[in-house]
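Colleague: Pasting upload.cif below, which is mmCIF, C-alpha atoms and all ligand atoms.
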```cif
data_target
#
loop_
_atom_site.label_atom_id
_atom_site.label_comp_id
_atom_site.auth_asym_id
_atom_site.auth_seq_id
_atom_site.Cartn_x
_atom_site.Cartn_y
_atom_site.Cartn_z
CA MET R 1 105.39 39.85 -66.21
CA LEU R 2 105.01 40.59 -62.50
CA THR R 3 107.01 38.94 -59.75
CA ILE R 4 105.00 37.23 -57.02
CA GLY R 5 105.71 40.18 -54.70
CA ALA R 6 104.46 42.77 -57.19
CA PHE R 7 101.46 40.64 -58.12
CA ALA R 8 100.63 40.13 -54.42
CA ARG R 9 100.64 43.91 -53.82
CA ALA R 10 98.50 44.57 -56.90
CA SER R 11 95.98 41.84 -56.10
CA ARG R 12 95.99 42.28 -52.31
CA LEU R 13 96.67 38.59 -51.85
CA SER R 14 99.70 37.54 -49.82
CA PRO R 15 102.58 35.68 -51.53
CA LYS R 16 101.81 32.80 -49.18
CA ALA R 17 98.18 32.73 -50.38
CA LEU R 18 99.33 32.90 -54.01
CA ARG R 19 101.58 29.87 -53.51
CA LEU R 20 98.67 27.97 -51.93
CA TYR R 21 96.34 28.91 -54.80
CA ASP R 22 98.93 27.69 -57.26
CA GLU R 23 99.12 24.33 -55.48
CA LEU R 24 95.33 24.08 -55.48
CA ALA R 25 95.15 24.95 -59.20
CA LEU R 26 93.02 27.95 -58.27
CA LEU R 27 95.37 30.54 -59.76
CA ARG R 28 98.35 29.26 -61.69
CA PRO R 29 101.27 31.62 -62.39
CA ALA R 30 101.70 32.46 -66.07
CA ARG R 31 105.27 31.24 -65.93
CA VAL R 32 107.50 29.43 -63.43
CA ASP R 33 111.25 29.86 -63.86
CA PRO R 34 112.57 26.32 -64.46
CA ASP R 35 115.91 27.16 -62.80
CA ASN R 36 114.92 28.84 -59.53
CA GLY R 37 111.15 28.07 -59.31
CA TYR R 38 110.19 31.75 -59.15
CA ARG R 39 106.58 32.44 -60.08
CA TYR R 40 105.63 35.14 -62.58
CA TYR R 41 102.15 36.45 -63.24
CA ALA R 42 100.67 38.23 -66.25
CA PRO R 43 98.88 41.58 -65.68
CA GLY R 44 95.80 39.98 -67.28
CA GLN R 45 95.58 37.60 -64.30
CA LEU R 46 94.86 40.44 -61.88
CA GLU R 47 91.15 40.36 -62.61
CA GLN R 48 90.86 36.71 -61.55
CA ALA R 49 93.12 37.25 -58.53
CA ARG R 50 90.91 40.09 -57.32
CA LEU R 51 87.82 37.92 -57.75
CA VAL R 52 89.49 35.19 -55.68
CA ALA R 53 90.36 37.74 -52.98
CA TRP R 54 86.79 39.04 -52.80
CA LEU R 55 85.29 35.54 -52.72
CA ARG R 56 87.64 34.67 -49.87
CA ARG R 57 86.29 37.68 -48.02
CA LEU R 58 82.78 36.25 -48.49
CA GLY R 59 84.01 33.11 -46.74
CA MET R 60 83.52 30.92 -49.79
CA PRO R 61 85.48 27.64 -49.56
CA LEU R 62 88.48 27.38 -51.90
CA ALA R 63 87.08 24.40 -53.83
CA ARG R 64 83.96 26.38 -54.63
CA ILE R 65 86.00 29.45 -55.63
CA ARG R 66 87.91 27.29 -58.09
CA GLU R 67 84.61 26.29 -59.71
CA VAL R 68 83.25 29.84 -59.79
CA CYS R 69 86.45 31.12 -61.43
CA THR R 70 86.03 28.77 -64.39
CA LEU R 71 82.47 29.96 -65.11
CA PRO R 72 81.33 32.72 -67.46
CA PRO R 73 80.34 35.88 -65.52
CA ALA R 74 76.56 35.37 -65.61
CA THR R 75 76.81 31.76 -64.38
CA ALA R 76 79.38 32.78 -61.78
CA ALA R 77 76.98 35.46 -60.52
CA GLY R 78 74.26 32.81 -60.16
CA GLU R 79 76.66 30.57 -58.20
CA ILE R 80 77.57 33.41 -55.82
CA ARG R 81 73.88 34.22 -55.34
CA ALA R 82 73.12 30.58 -54.50
CA TYR R 83 76.07 30.37 -52.12
CA TRP R 84 74.99 33.50 -50.31
CA ALA R 85 71.35 32.38 -50.03
CA ARG R 86 72.56 29.27 -48.24
CA VAL R 87 74.80 31.27 -45.90
CA GLU R 88 71.83 33.48 -45.01
CA ALA R 89 69.56 30.49 -44.42
CA GLU R 90 72.14 28.91 -42.12
CA THR R 91 72.65 32.20 -40.29
CA ALA R 92 68.89 32.63 -39.84
CA GLU R 93 68.69 29.16 -38.36
CA ARG R 94 71.51 29.90 -35.93
CA ARG R 95 70.00 33.31 -35.10
CA ASP R 96 66.75 31.59 -34.08
CA LEU R 97 68.63 29.08 -31.99
CA ALA R 98 70.56 31.91 -30.32
CA GLY R 99 67.27 33.75 -29.68
CA PHE R 100 65.72 30.70 -28.12
CA LEU R 101 68.72 30.18 -25.83
CA VAL R 102 68.66 33.86 -24.84
CA ASP R 103 64.92 33.52 -24.07
CA HIS R 104 65.66 30.39 -22.10
CA LEU R 105 68.47 31.91 -20.04
CA THR R 106 66.72 35.21 -19.34
CA THR R 107 63.23 34.00 -18.41
CA ARG R 108 62.74 34.35 -14.71
CA PRO R 109 63.62 31.19 -12.80
CA ARG R 110 60.52 29.48 -11.53
CA LYS R 111 59.81 30.27 -7.91
CA ALA R 112 59.02 27.59 -5.38
CA PRO R 113 55.54 26.17 -6.09
CA ALA R 114 54.13 27.51 -2.82
CA MET R 115 55.20 31.04 -3.75
CA THR R 116 53.46 31.19 -7.08
CA THR R 117 49.96 30.65 -8.38
CA PRO R 118 49.98 27.67 -10.73
CA LEU R 119 48.67 28.63 -14.13
CA THR R 120 46.66 26.64 -16.59
CA LEU R 121 45.14 27.08 -20.03
CA ARG R 122 41.53 27.34 -21.13
CA TYR R 123 41.31 26.72 -24.85
CA ALA R 124 39.15 26.17 -27.91
CA ALA R 125 39.79 25.34 -31.57
CA HIS R 126 37.64 25.75 -34.64
CA SER R 127 38.41 25.04 -38.30
CA ASP R 128 36.08 25.96 -41.14
CA ARG R 129 36.02 25.36 -44.91
CA GLY R 130 35.11 28.98 -45.57
CA ARG R 131 32.70 30.11 -48.27
CA VAL R 132 34.63 29.37 -51.44
CA ARG R 133 37.02 26.43 -51.18
CA PRO R 134 35.56 22.98 -51.97
CA VAL R 135 37.43 21.26 -49.10
CA ASN R 136 39.06 22.18 -45.81
CA GLN R 137 42.81 21.50 -45.88
CA ASP R 138 43.43 23.24 -42.53
CA THR R 139 43.81 21.36 -39.25
CA ALA R 140 43.33 22.97 -35.85
CA TYR R 141 43.85 21.42 -32.44
CA ALA R 142 43.78 22.50 -28.82
CA GLY R 143 44.58 20.37 -25.77
CA THR R 144 46.05 20.74 -22.29
CA ARG R 145 49.63 20.75 -23.62
CA LEU R 146 49.39 21.63 -27.26
CA LEU R 147 47.77 24.27 -29.44
CA ALA R 148 48.29 23.94 -33.17
CA VAL R 149 47.16 25.24 -36.54
CA ALA R 150 48.32 23.77 -39.85
CA ASP R 151 47.35 24.94 -43.34
CA GLY R 152 47.90 22.25 -45.96
CA PHE R 153 48.57 23.04 -49.61
CA GLY R 154 48.84 21.05 -52.82
CA PRO R 155 46.76 18.02 -53.78
CA ASP R 156 47.50 16.22 -50.48
CA GLY R 157 47.32 19.36 -48.40
CA GLY R 158 44.60 18.13 -46.06
CA ARG R 159 46.51 14.95 -45.34
CA ALA R 160 49.73 16.89 -44.81
CA SER R 161 48.22 19.29 -42.27
CA THR R 162 46.50 16.42 -40.41
CA ALA R 163 49.71 14.36 -40.35
CA ALA R 164 51.74 17.26 -38.96
CA VAL R 165 49.27 18.04 -36.16
CA GLU R 166 48.75 14.36 -35.31
CA THR R 167 52.52 14.01 -34.85
CA PHE R 168 52.66 17.01 -32.55
CA LYS R 169 49.78 15.61 -30.47
CA ALA R 170 52.27 13.05 -29.14
CA LEU R 171 53.49 15.93 -26.95
CA GLU R 172 50.21 15.65 -25.00
CA ALA R 173 51.72 12.51 -23.45
CA LEU R 174 53.96 14.75 -21.33
CA GLY R 175 51.08 14.78 -18.86
CA GLU R 176 50.85 17.44 -16.19
CA THR R 177 54.45 17.72 -15.07
CA GLU R 178 56.49 20.88 -15.63
CA VAL R 179 58.85 20.49 -18.59
CA PRO R 180 62.26 22.10 -17.95
CA ALA R 181 62.80 24.91 -20.46
CA GLY R 182 66.10 23.38 -21.55
CA GLU R 183 64.31 20.22 -22.63
CA VAL R 184 61.70 22.01 -24.70
CA LEU R 185 64.04 22.74 -27.59
CA ASN R 186 64.91 19.07 -27.99
CA LEU R 187 61.26 18.04 -27.79
CA LEU R 188 60.19 20.55 -30.42
CA GLU R 189 63.07 19.78 -32.73
CA ALA R 190 62.26 16.07 -32.59
CA ALA R 191 58.57 16.81 -33.16
CA VAL R 192 59.34 18.93 -36.24
CA ARG R 193 61.54 16.17 -37.65
CA ASP R 194 58.84 13.55 -37.02
CA ALA R 195 56.16 15.82 -38.49
CA ALA R 196 58.21 16.29 -41.68
CA LEU R 197 58.48 12.50 -42.00
CA ALA R 198 54.73 12.13 -41.40
CA VAL R 199 54.02 14.70 -44.12
CA GLN R 200 56.28 12.76 -46.45
CA ASP R 201 54.42 9.53 -45.64
CA ALA R 202 51.07 11.25 -46.21
CA GLY R 203 52.28 12.22 -49.70
CA THR R 204 53.52 8.71 -50.48
CA GLY R 205 50.20 7.25 -49.38
CA ALA R 206 48.32 9.51 -51.75
CA GLU R 207 50.47 8.41 -54.66
CA GLU R 208 49.73 4.76 -53.91
CA ALA R 209 46.05 5.65 -53.81
CA GLY R 210 46.44 7.22 -57.24
CA THR R 211 45.38 10.72 -56.22
CA GLY R 212 48.72 12.44 -56.63
CA GLY R 213 51.52 12.02 -59.15
CA ALA R 214 55.17 12.78 -58.61
CA GLU R 215 54.47 16.43 -59.27
CA GLY R 216 51.69 16.61 -56.69
CA ARG R 217 53.82 14.88 -54.10
CA GLU R 218 56.50 17.50 -54.58
CA GLU R 219 54.06 20.33 -54.09
CA ALA R 220 52.08 19.08 -51.12
CA GLY R 221 52.98 20.31 -47.68
CA THR R 222 51.72 22.30 -44.75
CA THR R 223 52.40 25.26 -42.55
CA LEU R 224 52.60 24.60 -38.82
CA THR R 225 52.27 27.04 -35.96
CA ALA R 226 52.09 25.47 -32.52
CA LEU R 227 52.42 26.38 -28.86
CA LEU R 228 53.57 23.85 -26.29
CA TRP R 229 52.57 24.57 -22.69
CA THR R 230 55.50 23.80 -20.41
CA GLY R 231 53.57 24.43 -17.21
CA SER R 232 54.83 28.01 -16.88
CA HIS R 233 55.80 29.09 -20.39
CA LEU R 234 54.58 28.70 -23.94
CA ALA R 235 57.11 27.43 -26.44
CA LEU R 236 56.34 28.51 -29.98
CA VAL R 237 57.28 26.56 -33.06
CA HIS R 238 56.47 28.18 -36.38
CA ILE R 239 56.97 27.39 -40.03
CA GLY R 240 55.04 28.99 -42.92
CA ASP R 241 52.43 31.74 -42.99
CA SER R 242 49.94 30.76 -40.32
CA ARG R 243 50.21 33.18 -37.40
CA ALA R 244 50.32 33.51 -33.64
CA TYR R 245 49.13 36.60 -31.81
CA LEU R 246 49.27 37.55 -28.14
CA LEU R 247 46.61 39.74 -26.56
CA ARG R 248 48.12 41.20 -23.39
CA ASP R 249 46.83 44.20 -21.41
CA GLY R 250 44.53 45.14 -24.29
CA GLY R 251 47.29 45.22 -26.92
CA LEU R 252 47.55 42.74 -29.79
CA PHE R 253 51.06 41.56 -30.68
CA ARG R 254 51.92 39.34 -33.62
CA ILE R 255 54.57 36.91 -32.37
CA THR R 256 55.29 35.11 -35.65
CA HIS R 257 56.99 36.21 -38.84
CA ASP R 258 55.42 35.03 -42.12
CA HIS R 259 57.76 32.83 -44.13
CA THR R 260 56.54 34.28 -47.41
CA VAL R 261 58.10 35.92 -50.42
CA VAL R 262 56.06 39.10 -49.87
CA GLN R 263 57.09 39.33 -46.18
CA SER R 264 60.75 39.19 -47.20
CA MET R 265 60.03 41.92 -49.77
CA ILE R 266 58.44 44.02 -47.00
CA ASP R 267 61.49 43.39 -44.79
CA GLU R 268 63.75 44.60 -47.59
CA GLY R 269 61.62 47.72 -48.06
CA ARG R 270 60.59 46.74 -51.59
CA LEU R 271 56.89 46.44 -50.75
CA THR R 272 54.56 48.12 -48.25
CA PRO R 273 52.31 45.97 -46.04
CA GLU R 274 49.33 47.54 -47.87
CA GLU R 275 50.67 46.53 -51.27
CA ALA R 276 51.33 43.04 -49.94
CA THR R 277 47.64 42.35 -49.24
CA SER R 278 46.88 42.43 -52.98
CA HIS R 279 50.20 41.06 -54.29
CA PRO R 280 49.63 38.19 -56.74
CA GLN R 281 52.33 36.08 -55.02
CA ARG R 282 51.21 36.79 -51.46
CA THR R 283 50.66 33.10 -50.65
CA LEU R 284 54.06 31.94 -51.97
CA LEU R 285 55.89 30.31 -49.05
CA LEU R 286 59.63 30.40 -48.42
CA ASN R 287 59.50 27.75 -45.74
CA ALA R 288 57.03 24.94 -44.99
CA LEU R 289 56.80 21.33 -43.88
CA THR R 290 57.04 19.29 -47.06
CA GLY R 291 58.17 15.75 -47.67
CA THR R 292 61.40 17.06 -49.11
CA GLY R 293 64.00 19.53 -47.91
CA HIS R 294 65.11 20.60 -44.50
CA PRO R 295 62.43 22.38 -42.46
CA THR R 296 63.72 25.40 -40.57
CA PRO R 297 61.16 26.44 -37.95
CA ASP R 298 61.28 29.55 -35.79
CA LEU R 299 61.43 28.66 -32.08
CA HIS R 300 60.66 31.02 -29.22
CA LEU R 301 59.84 30.78 -25.55
CA HIS R 302 57.08 33.04 -24.20
CA ASP R 303 56.29 34.00 -20.63
CA ALA R 304 52.72 33.29 -19.54
CA HIS R 305 50.87 35.98 -17.58
CA PRO R 306 47.41 35.43 -16.10
CA GLY R 307 44.90 37.00 -18.48
CA ASP R 308 47.03 36.52 -21.62
CA ARG R 309 45.11 35.33 -24.65
CA TYR R 310 47.00 33.57 -27.40
CA LEU R 311 45.53 33.20 -30.88
CA LEU R 312 46.81 30.82 -33.54
CA CYS R 313 45.22 31.17 -36.96
CA SER R 314 45.66 30.14 -40.58
CA ASP R 315 46.11 32.87 -43.20
CA GLY R 316 42.39 32.68 -43.98
CA LEU R 317 41.75 34.97 -41.00
CA PRO R 318 44.28 37.84 -41.44
CA ALA R 319 43.77 37.78 -45.24
CA VAL R 320 40.31 39.29 -44.78
CA VAL R 321 40.05 40.46 -41.15
CA PRO R 322 42.24 43.44 -40.16
CA ASP R 323 44.38 43.21 -37.00
CA ALA R 324 42.25 45.92 -35.32
CA VAL R 325 39.14 43.75 -35.70
CA ILE R 326 41.05 40.65 -34.53
CA ARG R 327 42.08 42.59 -31.43
CA THR R 328 38.60 43.81 -30.48
CA THR R 329 36.99 40.44 -31.25
CA LEU R 330 39.56 38.53 -29.23
CA ALA R 331 39.28 40.98 -26.32
CA ALA R 332 35.48 41.12 -26.26
CA ALA R 333 34.78 37.38 -26.26
CA GLY R 334 33.85 35.96 -22.86
CA THR R 335 35.46 32.56 -23.42
CA PRO R 336 37.95 30.95 -25.83
CA GLU R 337 34.98 29.15 -27.48
CA ALA R 338 33.19 32.43 -28.08
CA ALA R 339 36.44 33.93 -29.44
CA VAL R 340 37.11 31.21 -32.03
CA ASP R 341 33.47 31.25 -33.17
CA ALA R 342 33.46 35.04 -33.53
CA LEU R 343 36.80 35.11 -35.41
CA VAL R 344 35.83 32.34 -37.85
CA GLY R 345 32.49 34.10 -38.29
CA ALA R 346 34.26 37.37 -39.08
CA ALA R 347 36.36 35.70 -41.82
CA ASN R 348 33.25 34.16 -43.38
CA ALA R 349 31.34 37.43 -43.13
CA ALA R 350 34.19 39.01 -45.11
CA GLY R 351 33.67 36.50 -47.92
CA GLY R 352 35.48 33.47 -46.47
CA PRO R 353 37.78 33.11 -49.52
CA ASP R 354 40.04 30.56 -47.82
CA ASN R 355 39.81 27.85 -45.18
CA VAL R 356 39.99 29.51 -41.79
CA SER R 357 41.20 28.03 -38.50
CA CYS R 358 41.51 29.62 -35.09
CA VAL R 359 42.81 28.36 -31.77
CA VAL R 360 42.47 30.56 -28.70
CA ALA R 361 44.01 29.84 -25.32
CA GLU R 362 43.68 31.92 -22.18
CA VAL R 363 46.18 31.74 -19.33
CA THR R 364 44.32 31.53 -16.02
CA PRO R 365 45.22 30.76 -12.40
CA ALA R 366 44.72 27.01 -11.96
CA ALA R 367 42.28 27.41 -9.06
CA THR R 368 39.71 29.29 -11.14
CA ALA R 369 40.06 27.22 -14.27
MN MN G 1 45.17 29.16 -46.09
#
```
Now that the file is in, can you turn its structure into structure tokens?

Modeller:
Amino acid sequence: MLTIGAFARASRLSPKALRLYDELALLRPARVDPDNGYRYYAPGQLEQARLVAWLRRLGMPLARIREVCTLPPATAAGEIRAYWARVEAETAERRDLAGFLVDHLTTRPRKAPAMTTPLTLRYAAHSDRGRVRPVNQDTAYAGTRLLAVADGFGPDGGRASTAAVETFKALEALGETEVPAGEVLNLLEAAVRDAALAVQDAGTGAEEAGTGGAEGREEAGTTLTALLWTGSHLALVHIGDSRAYLLRDGGLFRITHDHTVVQSMIDEGRLTPEEATSHPQRTLLLNALTGTGHPTPDLHLHDAHPGDRYLLCSDGLPAVVPDAVIRTTLAAAGTPEAAVDALVGAANAAGGPDNVSCVVAEVTPAATA
């Protein structure tokens, strides 16, 4: 038997922690002296004590550690994996929020109106069924405030993508006034929440109409990639595997990160981008707007420069049209209309295996718009 001091040294837990774990029934001493209350531990308890110490270092709450310690190793491993996945999801969410606030605080303060040329958007949207799919479940929209692409999936996919974009169109009601950057985050967060509810309603409606069972309702959902024009900036909200690109000074930059299983495998170095294009699970989403769950969109604030061209597209475009061709097509088109027609045409010329949607917006000085 080990005294509490010896056991503490061997397990790297403090005597104070050991007393707490005893009180919480997390790690009971093997024997307590009935006369003086001294705790004694068996050498065989070291293994569990070390596990407790390591789980504490992971930041796992004590109540959860107590559960994990009662499980057989394989089940315990699964529990730790699940715990850590949630920690990472929460961290990713906070990282995006931090990024947005950094963007917000470091974008140049707007100069007095007389000092700066007001900017405006010229835009066009086009959504096409493609050459293979029986229906178009994509939704594309472009207006003075809002640009959006949504790619529905599952039996109610078309309804889901329409519901999400229709909800976001409420942002058009902001009119022509400049939206303070600090307000944008609240607006977008509320819009995402409302869109998730609308997607849920769209699923429920389908069930009433008898076109989708419980299973279908679970599966239906949509991606959503949207830009909100604040009057001087473009605020991006993104969830799923539709994409946003920026063409600036002749260079094409992808400004969204695919929320897909294969993208996370690429990030971890387990898959090359080339291998990803033919991966059987390349369309499997990690994050989307569905009726269930907690949507976690990426949010960013982008500066607008005169001459910038923004492209939003569903995966039907990049799946068959390489970035180099997207760049030259987007750069060569005379107008946003010509650009969306050429890009949708390029996807269909490459076989059009999926629905394809493109929205193009060009930032121009207001006077020449
Ligand atoms: Mn698609």

Colleague: Given all atoms listed in the file, how would the per-residue table for chain R near ligand MN 1 (chain G) read, listing every residue at most 12 Å away with its closest atom pair and distance in Å to one decimal, sorted by chain and number, as CSV?

Modeller:
```
residue,atom,partner,partner_atom,distance
R:Ser127,CA,G:MN1,MN,11.1
R:Asp128,CA,G:MN1,MN,10.8
R:Arg129,CA,G:MN1,MN,10.0
R:Gly130,CA,G:MN1,MN,10.1
R:Val132,CA,G:MN1,MN,11.8
R:Arg133,CA,G:MN1,MN,10.0
R:Val135,CA,G:MN1,MN,11.5
R:Asn136,CA,G:MN1,MN,9.3
R:Gln137,CA,G:MN1,MN,8.0
R:Asp138,CA,G:MN1,MN,7.1
R:Thr139,CA,G:MN1,MN,10.5
R:Val149,CA,G:MN1,MN,10.5
R:Ala150,CA,G:MN1,MN,8.8
R:Asp151,CA,G:MN1,MN,5.5
R:Gly152,CA,G:MN1,MN,7.4
R:Phe153,CA,G:MN1,MN,7.8
R:Gly154,CA,G:MN1,MN,11.2
R:Gly157,CA,G:MN1,MN,10.3
R:Gly158,CA,G:MN1,MN,11.0
R:Ser161,CA,G:MN1,MN,11.0
R:Gly221,CA,G:MN1,MN,11.9
R:Thr222,CA,G:MN1,MN,9.6
R:Thr223,CA,G:MN1,MN,8.9
R:Leu224,CA,G:MN1,MN,11.4
R:Gly240,CA,G:MN1,MN,10.4
R:Asp241,CA,G:MN1,MN,8.3
R:Ser242,CA,G:MN1,MN,7.7
R:Arg243,CA,G:MN1,MN,10.8
R:Arg282,CA,G:MN1,MN,11.1
R:Thr283,CA,G:MN1,MN,8.2
R:Leu284,CA,G:MN1,MN,11.0
R:Leu285,CA,G:MN1,MN,11.2
R:Cys313,CA,G:MN1,MN,9.3
R:Ser314,CA,G:MN1,MN,5.6
R:Asp315,CA,G:MN1,MN,4.8
R:Gly316,CA,G:MN1,MN,5.0
R:Leu317,CA,G:MN1,MN,8.4
R:Pro318,CA,G:MN1,MN,9.9
R:Ala319,CA,G:MN1,MN,8.8
R:Val320,CA,G:MN1,MN,11.3
R:Ala347,CA,G:MN1,MN,11.8
R:Gly352,CA,G:MN1,MN,10.6
R:Pro353,CA,G:MN1,MN,9.1
R:Asp354,CA,G:MN1,MN,5.6
R:Asn355,CA,G:MN1,MN,5.6
R:Val356,CA,G:MN1,MN,6.7
R:Ser357,CA,G:MN1,MN,8.6
R:Cys358,CA,G:MN1,MN,11.6
```

Colleague: Could you list as JSON, numbers by chain every residue that has an atom within 9 Å of (38.0, 31.7, -34.0), using the file's coordinates and counting all atoms listed in the file?

Modeller: {"R": [124, 125, 126, 127, 311, 312, 313, 317, 330, 336, 337, 338, 339, 340, 341, 342, 343, 344, 345, 346, 347, 356, 357, 358, 359, 360]}

Colleague: Which residues come within 9 Å of region 249-264 of chain R, counting all atoms listed in the file, excluding same-chain residues fewer than 2 positions away, as a ChimeraX atom specification?

Modeller: /R:225,236,238-247,266-271,273,276,279,281-288,298,307-308,323-324,326-328,331

Colleague: Which one is closest to Val52 (chain R): R:Arg122, R:Arg248, R:Arg66, R:His300? Count only C-alpha atoms.

Modeller: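 Under the stated criterion, the closest residue is R:Arg66.
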
Colleague: In Å, rounded to a single decimal, give me how far CA of Leu185 (chain R) is from CA of Leu301 (chain R).

Modeller: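 Separating CA of Leu301 (chain R) from CA of Leu185 (chain R) is a distance of 9.3 Å.
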
Colleague: In the coordinate frame of the file, compute which residues have an atom within 10 Å of (98.2, 38.3, -61.8) when using all atoms listed in the file, and state them as an MDAnalysis selection string.

Modeller: chainID R and resid 1:4 6:8 10:11 18 27:30 40:50

Colleague: Could you please take those selected residues and save C-alpha atoms as a PDB file, in the coordinates of the input?

Modeller:
```pdb
ATOM      1  CA  MET R   1     105.390  39.850 -66.210  1.00  0.00           C
ATOM      2  CA  LEU R   2     105.010  40.590 -62.500  1.00  0.00           C
ATOM      3  CA  THR R   3     107.010  38.940 -59.750  1.00  0.00           C
ATOM      4  CA  ILE R   4     105.000  37.230 -57.020  1.00  0.00           C
ATOM      5  CA  ALA R   6     104.460  42.770 -57.190  1.00  0.00           C
ATOM      6  CA  PHE R   7     101.460  40.640 -58.120  1.00  0.00           C
ATOM      7  CA  ALA R   8     100.630  40.130 -54.420  1.00  0.00           C
ATOM      8  CA  ALA R  10      98.500  44.570 -56.900  1.00  0.00           C
ATOM      9  CA  SER R  11      95.980  41.840 -56.100  1.00  0.00           C
ATOM     10  CA  LEU R  18      99.330  32.900 -54.010  1.00  0.00           C
ATOM     11  CA  LEU R  27      95.370  30.540 -59.760  1.00  0.00           C
ATOM     12  CA  ARG R  28      98.350  29.260 -61.690  1.00  0.00           C
ATOM     13  CA  PRO R  29     101.270  31.620 -62.390  1.00  0.00           C
ATOM     14  CA  ALA R  30     101.700  32.460 -66.070  1.00  0.00           C
ATOM     15  CA  TYR R  40     105.630  35.140 -62.580  1.00  0.00           C
ATOM     16  CA  TYR R  41     102.150  36.450 -63.240  1.00  0.00           C
ATOM     17  CA  ALA R  42     100.670  38.230 -66.250  1.00  0.00           C
ATOM     18  CA  PRO R  43      98.880  41.580 -65.680  1.00  0.00           C
ATOM     19  CA  GLY R  44      95.800  39.980 -67.280  1.00  0.00           C
ATOM     20  CA  GLN R  45      95.580  37.600 -64.300  1.00  0.00           C
ATOM     21  CA  LEU R  46      94.860  40.440 -61.880  1.00  0.00           C
ATOM     22  CA  GLU R  47      91.150  40.360 -62.610  1.00  0.00           C
ATOM     23  CA  GLN R  48      90.860  36.710 -61.550  1.00  0.00           C
ATOM     24  CA  ALA R  49      93.120  37.250 -58.530  1.00  0.00           C
ATOM     25  CA  ARG R  50      90.910  40.090 -57.320  1.00  0.00           C
TER      26      ARG R  50
END
```

Colleague: Quick one: residues within 12 Å of region 55-59 of chain R, only C-alpha atoms counted, chain neighbours fewer than 6 positions away excluded, as a compact mmCIF listing (two decimals) with C-alpha atoms, in the coordinates of the input?

Modeller:
```txt
# COMPACT_ATOMS: atom_id res chain seq x y z
CA ARG R 12 95.99 42.28 -52.31
CA LEU R 13 96.67 38.59 -51.85
CA ALA R 17 98.18 32.73 -50.38
CA TYR R 21 96.34 28.91 -54.80
CA GLN R 48 90.86 36.71 -61.55
CA ALA R 49 93.12 37.25 -58.53
CA ILE R 65 86.00 29.45 -55.63
CA ARG R 66 87.91 27.29 -58.09
CA GLU R 67 84.61 26.29 -59.71
CA VAL R 68 83.25 29.84 -59.79
CA CYS R 69 86.45 31.12 -61.43
CA ALA R 76 79.38 32.78 -61.78
CA ALA R 77 76.98 35.46 -60.52
CA GLU R 79 76.66 30.57 -58.20
CA ILE R 80 77.57 33.41 -55.82
CA ARG R 81 73.88 34.22 -55.34
CA TYR R 83 76.07 30.37 -52.12
CA TRP R 84 74.99 33.50 -50.31
CA VAL R 87 74.80 31.27 -45.90
CA GLU R 88 71.83 33.48 -45.01
```

Colleague: Centre and edge lengths of an axis-aligned box around all listed atoms of region 314-325 of chain R, with 6 Å added on each side, are to be given in Å to one decimal, as lines of an AutoDock Vina configuration file.

Modeller:
```
center_x = 42.6
center_y = 38.0
center_z = -40.3
size_x = 19.0
size_y = 27.8
size_z = 21.9
```

Colleague: Using only C-alpha atoms, which of the listed residues (R:Arg131, R:Tyr310, R:Leu197, R:Asp303) sits closest to Gly351 (chain R)?

Modeller: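 Closest residue, counting only C-alpha atoms: R:Arg131.
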
Colleague: Mind giving me the straight-line distance from CA of Glu362 (chain R) to CA of Val184 (chain R) in Å, one decimal?

Modeller: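 Separation of CA of Glu362 (chain R) and CA of Val184 (chain R): 20.7 Å.
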
Colleague: List the spatial neighbours of Trp229 (chain R) as an MDAnalysis selection string - criterion: any atom at most 8 Å away, only C-alpha atoms, same-chain residues fewer than 4 positions off excluded.

Modeller: chainID R and resid 144:146 233:235
